[in-house]
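> Data: coords-v5.txt, compact mmCIF, C-alpha atoms.
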# COMPACT_ATOMS: atom_id res chain seq x y z
CA MET A 1 -40.31 2.05 24.26
CA VAL A 2 -37.86 -0.84 23.80
CA TYR A 3 -38.41 -0.72 20.03
CA VAL A 4 -37.75 3.03 19.87
CA LEU A 5 -34.59 2.72 21.96
CA SER A 6 -33.29 -0.19 19.90
CA ARG A 7 -33.91 1.78 16.69
CA SER A 8 -32.01 4.78 18.03
CA LEU A 9 -29.12 2.48 18.92
CA THR A 10 -28.99 0.47 15.73
CA GLN A 11 -29.71 3.23 13.19
CA PRO A 12 -26.18 4.79 13.29
CA LEU A 13 -24.66 1.31 13.28
CA ARG A 14 -26.63 0.44 10.15
CA GLN A 15 -25.44 3.68 8.56
CA LEU A 16 -21.84 2.78 9.39
CA ALA A 17 -22.30 -0.70 7.94
CA LEU A 18 -23.69 0.84 4.74
CA ALA A 19 -20.78 3.30 4.66
CA ALA A 20 -18.33 0.40 4.95
CA GLU A 21 -19.99 -1.25 1.94
CA GLN A 22 -19.70 2.01 -0.03
CA ILE A 23 -15.99 2.27 0.80
CA SER A 24 -15.40 -1.33 -0.27
CA SER A 25 -17.00 -0.49 -3.63
CA GLY A 26 -14.74 2.52 -4.14
CA ASN A 27 -16.81 5.38 -2.72
CA TYR A 28 -14.57 7.13 -0.19
CA GLU A 29 -17.10 9.82 0.67
CA PRO A 30 -19.95 7.76 2.15
CA ALA A 31 -22.91 9.17 4.02
CA LEU A 32 -22.11 8.95 7.74
CA PRO A 33 -24.21 9.57 10.85
CA ASP A 34 -23.96 13.04 12.35
CA SER A 35 -21.82 12.42 15.45
CA THR A 36 -23.34 15.47 17.18
CA ARG A 37 -26.80 13.91 16.96
CA VAL A 38 -25.81 10.43 18.16
CA LYS A 39 -26.66 10.23 21.85
CA GLU A 40 -24.65 7.12 22.69
CA ALA A 41 -21.07 8.21 23.48
CA GLU A 42 -19.46 4.95 22.32
CA ILE A 43 -21.14 5.10 18.90
CA SER A 44 -20.44 8.83 18.57
CA GLN A 45 -16.76 8.18 19.25
CA LEU A 46 -16.77 5.53 16.51
CA VAL A 47 -18.12 7.86 13.82
CA SER A 48 -15.22 10.34 13.87
CA PRO A 49 -12.41 7.76 13.43
CA PHE A 50 -14.49 6.09 10.72
CA ALA A 51 -14.74 9.41 8.86
CA ASP A 52 -10.98 9.95 9.23
CA MET A 53 -10.34 6.45 7.87
CA ALA A 54 -12.55 7.09 4.84
CA LYS A 55 -10.78 10.38 4.17
CA ARG A 56 -7.37 8.73 4.47
CA LEU A 57 -8.36 5.89 2.13
CA GLY A 58 -9.55 8.47 -0.38
CA GLN A 59 -6.21 10.25 -0.21
CA LEU A 60 -4.33 6.99 -0.71
CA GLU A 61 -6.47 6.14 -3.72
CA ARG A 62 -5.78 9.55 -5.28
CA MET A 63 -2.07 9.08 -4.62
CA ARG A 64 -2.20 5.65 -6.28
CA THR A 65 -3.91 7.16 -9.31
CA ASP A 66 -1.34 9.94 -9.45
CA LEU A 67 1.45 7.38 -9.22
CA LEU A 68 0.14 5.38 -12.16
CA ALA A 69 -0.32 8.54 -14.22
CA GLY A 70 3.11 9.83 -13.23
CA VAL A 71 4.97 6.58 -13.87
CA SER A 72 3.29 6.02 -17.23
CA HIS A 73 4.07 9.57 -18.35
CA GLU A 74 7.58 9.70 -16.92
CA LEU A 75 8.57 6.41 -18.55
CA ARG A 76 6.72 6.84 -21.83
CA THR A 77 8.02 10.33 -22.61
CA PRO A 78 11.78 9.61 -22.50
CA VAL A 79 11.34 6.27 -24.26
CA THR A 80 9.47 7.99 -27.10
CA SER A 81 12.06 10.75 -27.23
CA ILE A 82 15.01 8.33 -27.25
CA ARG A 83 13.44 6.18 -29.93
CA GLY A 84 12.69 9.17 -32.16
CA MET A 85 16.15 10.69 -31.90
CA ILE A 86 17.99 7.42 -32.45
CA GLN A 87 15.77 6.71 -35.46
CA ALA A 88 16.58 10.15 -36.87
CA VAL A 89 20.32 9.53 -36.53
CA LYS A 90 20.02 6.01 -37.96
CA ASP A 91 18.05 7.21 -41.00
CA GLY A 92 20.52 10.02 -41.65
CA VAL A 93 17.91 12.74 -41.06
CA VAL A 94 20.42 14.49 -38.79
CA LYS A 95 24.17 14.34 -39.27
CA GLY A 96 27.41 15.73 -37.90
CA PRO A 97 27.17 17.92 -34.75
CA ASP A 98 23.37 17.63 -34.69
CA ALA A 99 23.64 13.84 -34.61
CA ASP A 100 26.10 14.06 -31.71
CA GLU A 101 23.70 16.33 -29.83
CA PHE A 102 20.81 13.93 -30.46
CA MET A 103 22.87 11.05 -29.10
CA GLN A 104 23.85 13.06 -26.01
CA ILE A 105 20.21 13.93 -25.33
CA SER A 106 19.30 10.27 -25.74
CA MET A 107 22.02 9.34 -23.24
CA ASP A 108 20.71 11.91 -20.75
CA GLU A 109 17.17 10.62 -21.10
CA ALA A 110 18.37 7.03 -20.64
CA LYS A 111 20.15 8.08 -17.43
CA ARG A 112 16.95 9.69 -16.21
CA LEU A 113 15.05 6.49 -16.90
CA GLN A 114 17.65 4.52 -14.98
CA THR A 115 17.36 6.91 -12.03
CA MET A 116 13.58 6.48 -11.87
CA VAL A 117 13.80 2.71 -12.07
CA ASN A 118 16.51 2.71 -9.38
CA ASP A 119 14.32 4.89 -7.16
CA LEU A 120 11.46 2.40 -7.44
CA LEU A 121 13.75 -0.55 -6.72
CA ASP A 122 15.51 1.22 -3.85
CA PHE A 123 12.23 2.26 -2.31
CA SER A 124 10.85 -1.27 -2.47
CA SER A 125 13.87 -2.66 -0.63
CA MET A 126 14.00 0.21 1.87
CA GLU A 127 10.31 -0.11 2.71
CA ALA A 128 10.94 -3.80 3.40
CA GLY A 129 13.62 -2.76 5.88
CA ALA A 130 16.57 -3.79 3.71
CA VAL A 131 18.76 -0.71 4.17
CA TYR A 132 22.42 -1.67 4.41
CA ALA A 133 24.51 1.19 5.74
CA GLU A 134 28.29 1.17 5.77
CA LYS A 135 29.98 2.72 8.77
CA GLN A 136 33.06 4.76 8.11
CA GLU A 137 34.59 7.91 9.55
CA ILE A 138 33.89 10.86 7.26
CA LYS A 139 35.00 14.49 7.45
CA LEU A 140 31.83 16.48 6.94
CA ALA A 141 33.43 19.56 5.35
CA SER A 142 35.04 17.47 2.62
CA LEU A 143 31.85 15.52 1.97
CA LEU A 144 29.75 18.68 1.65
CA GLU A 145 32.29 20.18 -0.75
CA GLN A 146 32.03 17.07 -2.92
CA VAL A 147 28.24 17.37 -3.07
CA VAL A 148 28.36 21.08 -3.94
CA ALA A 149 30.97 20.42 -6.64
CA GLN A 150 28.81 17.63 -8.04
CA VAL A 151 25.65 19.73 -8.38
CA GLY A 152 27.69 22.67 -9.66
CA THR A 153 28.17 20.83 -12.95
CA LEU A 154 24.41 20.42 -13.48
CA PRO A 155 22.55 22.93 -15.69
CA ALA A 156 19.66 23.09 -13.21
CA PHE A 157 22.00 24.62 -10.60
CA ALA A 158 23.58 27.18 -12.94
CA GLU A 159 21.63 30.08 -11.39
CA THR A 160 21.75 28.80 -7.80
CA ALA A 161 24.34 29.78 -5.21
CA ILE A 162 25.05 27.21 -2.47
CA GLU A 163 26.70 28.29 0.78
CA ILE A 164 28.01 25.95 3.49
CA THR A 165 28.15 27.08 7.10
CA LEU A 166 30.21 24.93 9.48
CA PRO A 167 30.60 26.46 12.96
CA GLN A 168 32.72 23.41 13.79
CA PRO A 169 35.00 22.78 10.77
CA GLU A 170 36.38 19.59 12.31
CA ILE A 171 33.01 17.80 12.41
CA VAL A 172 33.42 14.06 11.82
CA TRP A 173 30.47 11.80 11.06
CA ILE A 174 30.39 8.01 11.15
CA GLY A 175 28.04 6.53 8.58
CA ASP A 176 27.40 5.76 4.92
CA SER A 177 28.67 8.55 2.65
CA ALA A 178 26.57 7.35 -0.32
CA HIS A 179 23.39 7.57 1.76
CA PHE A 180 24.37 11.01 3.01
CA LYS A 181 24.95 12.25 -0.53
CA GLN A 182 21.65 10.78 -1.73
CA ILE A 183 19.71 12.56 1.01
CA LEU A 184 21.43 15.90 0.48
CA LEU A 185 21.15 15.73 -3.32
CA ASN A 186 17.41 15.07 -3.05
CA LEU A 187 16.94 18.04 -0.72
CA LEU A 188 19.04 20.33 -2.94
CA ASN A 189 17.09 19.21 -6.02
CA ASN A 190 13.85 20.01 -4.21
CA SER A 191 15.11 23.53 -3.54
CA VAL A 192 16.06 24.06 -7.18
CA ALA A 193 12.67 22.69 -8.28
CA ALA A 194 11.11 25.38 -6.06
CA ALA A 195 13.04 28.04 -8.07
CA ALA A 196 15.54 28.76 -5.31
CA THR A 197 18.46 31.01 -6.29
CA ARG A 198 20.22 30.69 -2.94
CA ILE A 199 20.63 27.62 -0.73
CA GLU A 200 22.41 27.57 2.62
CA VAL A 201 23.51 24.36 4.30
CA VAL A 202 24.07 24.96 8.01
CA ALA A 203 25.65 22.12 9.99
CA ARG A 204 26.17 21.67 13.71
CA GLN A 205 26.88 18.78 16.03
CA THR A 206 25.33 18.06 19.42
CA ASP A 207 24.46 14.52 20.42
CA LYS A 208 23.49 14.19 16.74
CA LEU A 209 24.65 15.68 13.46
CA ILE A 210 22.15 18.35 12.37
CA LEU A 211 21.97 19.99 8.95
CA ASP A 212 19.49 22.70 8.00
CA ILE A 213 18.92 23.17 4.26
CA ILE A 214 17.54 26.69 3.85
CA ASP A 215 16.43 28.10 0.50
CA ASN A 216 14.68 31.16 -0.87
CA GLY A 217 12.37 29.22 -3.20
CA LYS A 218 8.63 29.63 -3.61
CA GLY A 219 7.82 27.30 -0.72
CA ILE A 220 5.39 24.44 -0.19
CA PRO A 221 1.64 25.21 -0.05
CA ALA A 222 0.26 24.80 3.45
CA GLU A 223 -2.33 22.27 2.30
CA GLU A 224 0.40 20.05 0.79
CA ALA A 225 2.89 20.21 3.68
CA PRO A 226 1.34 17.38 5.77
CA PHE A 227 1.70 14.92 2.88
CA ILE A 228 5.14 15.64 1.38
CA PHE A 229 6.76 12.63 3.06
CA GLU A 230 4.04 10.25 1.90
CA ARG A 231 5.20 7.75 -0.70
CA TYR A 232 4.09 8.60 -4.25
CA TYR A 233 2.66 11.94 -3.15
CA ARG A 234 3.09 14.70 -5.69
CA GLY A 235 1.79 18.22 -5.16
CA ASP A 236 -0.39 20.07 -7.64
CA SER A 237 2.60 21.73 -9.32
CA LYS A 238 4.33 18.38 -9.88
CA ARG A 239 1.14 16.75 -11.12
CA LYS A 240 0.70 19.53 -13.68
CA LYS A 241 4.29 19.10 -14.87
CA LYS A 242 4.08 15.28 -14.70
CA HIS A 243 7.44 15.37 -12.97
CA GLY A 244 8.86 12.84 -10.53
CA LEU A 245 7.45 9.78 -8.85
CA GLY A 246 6.87 11.28 -5.42
CA LEU A 247 9.53 9.14 -3.73
CA GLY A 248 12.40 11.58 -3.12
CA LEU A 249 11.50 12.77 0.38
CA THR A 250 10.21 9.33 1.37
CA ILE A 251 13.59 7.79 0.49
CA CYS A 252 15.39 10.61 2.32
CA ARG A 253 13.46 9.85 5.50
CA LEU A 254 14.01 6.08 5.21
CA LEU A 255 17.76 6.56 4.76
CA ALA A 256 17.99 9.06 7.61
CA ARG A 257 16.12 6.74 9.96
CA ALA A 258 18.46 3.92 8.99
CA HIS A 259 21.17 6.12 10.51
CA GLY A 260 19.24 6.85 13.69
CA GLY A 261 17.99 10.23 12.47
CA ASP A 262 15.19 11.81 10.48
CA VAL A 263 14.27 14.41 7.85
CA GLU A 264 11.61 16.95 8.71
CA LEU A 265 10.10 20.13 7.32
CA VAL A 266 10.94 22.96 9.73
CA GLN A 267 9.09 25.75 7.95
CA SER A 268 7.91 26.82 4.52
CA SER A 269 6.49 30.03 3.11
CA PRO A 270 6.53 31.94 -0.18
CA ALA A 271 9.86 33.38 1.02
CA GLY A 272 11.58 30.01 1.32
CA THR A 273 11.75 26.58 2.94
CA THR A 274 13.87 24.92 5.61
CA PHE A 275 14.38 21.16 5.87
CA ARG A 276 16.28 19.61 8.78
CA LEU A 277 18.35 16.45 8.49
CA THR A 278 19.46 14.75 11.70
CA LEU A 279 21.83 11.79 11.83
CA ALA A 280 23.15 9.79 14.75
CA THR A 281 26.84 10.26 15.50
CA PRO A 282 28.28 7.18 17.22
CA PRO A 283 31.56 7.75 19.06
CA ALA A 284 34.72 7.39 17.00
CA GLY A 285 36.09 3.88 17.10
CA LYS A 286 32.59 2.30 17.14
CA ALA A 287 31.94 2.49 13.42
Could you write out this file's structure as structure tokens?

Amino acid sequence: MVYVLSRSLTQPLRQLALAAEQISSGNYEPALPDSTRVKEAEISQLVSPFADMAKRLGQLERMRTDLLAGVSHELRTPVTSIRGMIQAVKDGVVKGPDADEFMQISMDEAKRLQTMVNDLLDFSSMEAGAVYAEKQEIKLASLLEQVVAQVGTLPAFAETAIEITLPQPEIVWIGDSAHFKQILLNLLNNSVAAAATRIEVVARQTDKLILDIIDNGKGIPAEEAPFIFERYYRGDSKRKKKHGLGLGLTICRLLARAHGGDVELVQSSPAGTTFRLTLATPPAGKA
């Protein structure tokens, strides 16, 4: 009797120990005991968190693999393109206006490379808690107009209409304007990447500054929504296009939290997506 009882107690524990060894060797889908058949409540309660941990580790490993694939592709492609075009101009293969166009494309690709490298460096410092935010009094209407004017010069926004709604035109925010612009530009770029033709930025002020970024893009698949703020996460569409490093929304959230706020996904469907940015608004004179 004692032997049978001890076996029933130790069998699921041995299975968990074996599963731990499988995870350590890279298998994130180990064979686990059936929690519904384990009679001991304490052991049964251990199986479910263990399964969740294995699933989470598997997701992180896939994200790491995607990151390496994305970074290698995103860096290799513009470098190859820049090298080829500069070589063509140098060898005289292209001349005159075509040479000027090649040089402009090379400049654009170099800027894109710089942006990606800056994102990686910024993220590393932000994740370590090194976010330095300046505090200055900023008129929100003017700042939003600057951002809209900035994206209006970009080819990607040529077919996109951006509307600003300010129920309180005199809204004043105290914080870092560069951080604000970086957050908003990332969110607007996400909307354009989702094929949005109309974006509305709705601002209001309560105890915090709240901005809703509403677009009519194709939306975020329901199965991807829980992971969009994870670092290095890229959805299926981005993986297929080999576009981006999966840091945009992560950086947005880090910057927003540095200002006592947050960025969250309010809703998403095939008809459009709404993101909400909240920022703390300290009283004037306490910048």
> Between CA of Ile213 (chain A) and CA of Ala195 (chain A), what is the spacing in Å?
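Going from CA of Ala195 (chain A) over to CA of Ile213 (chain A), I get 14.5 Å.
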> Contacts of Gly260 (chain A) at 7 Å or less, counting only C-alpha atoms, minus same-chain residues fewer than 4 places along, as an NGL selection string?
:A and (256 or 279-280)
> Smallest atom-to-atom distance to Leu209 (chain A): which of A:Arg83, A:Lys111, A:His179, A:Arg276, using only C-alpha atoms?
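Looking only at the distances to Leu209 (chain A), the closest residue turns out to be A:Arg276.
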> Within 12 Å of (-17.1, -0.6, 6.0) (file coordinates; only C-alpha atoms), which protein or nucleic acid residues are there? I'd like them as a ChimeraX atom specification.
/A:13-32,47,50-51,53-54,57
> Between A:Gly217, A:Thr206, A:Leu247, A:Leu187, which has the minimum distance to Leu277 (chain A) (counting all atoms listed in the file)?
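Between A:Gly217, A:Thr206, A:Leu247, A:Leu187, the residue approaching Leu277 (chain A) most closely is A:Leu187.
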> In Å to one decimal, how far is CA of Leu144 (chain A) from CA of Ala158 (chain A)?
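Taking CA of Ala158 (chain A) and CA of Leu144 (chain A), their separation equals 18.0 Å.
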> Can you tell me how far CA of Glu170 (chain A) sits from CA of Leu184 (chain A), in Å to one decimal?
19.4 Å
> Counting all atoms listed in the file, write as a list of chain:residue names all protein and nucleic acid residues lying at most 6 Å from (6.8, 8.6, 5.7) in the file's frame.
A:Phe229, A:Glu230, A:Thr250
> Could you list, as a list of chain:residue names, every residue within 9 Å of Leu265 (chain A), counting all atoms listed in the file and ignoring same-chain residues fewer than 5 positions away?
A:Ala225, A:Ile228, A:Thr273, A:Thr274, A:Phe275, A:Arg276
> I'd like to know which of A:Asp108, A:Asp212, A:Asp91, A:Glu134 is closest to His259 (chain A), using all atoms listed in the file.
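Answer, going by the shortest atom-to-atom distance: A:Glu134.
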> Using only C-alpha atoms for the distances, tell me which of A:Thr281, A:Tyr233, A:Arg204, A:Leu255 is nearest to Arg62 (chain A).
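Distance minimum relative to Arg62 (chain A) lands on A:Tyr233.
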> Name the closest residue to Phe157 (chain A) among the candidates A:Pro49, A:Leu113, A:Pro226, A:Val192; distances are taken between atoms, counting all atoms listed in the file.
A:Val192
> For Gln45 (chain A), which residue out of A:Pro12, A:Lys181, A:Glu61, A:Lys208 is the nearest one, using all atoms listed in the file?
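Ranked by minimum distance to Gln45 (chain A), first place goes to A:Pro12.
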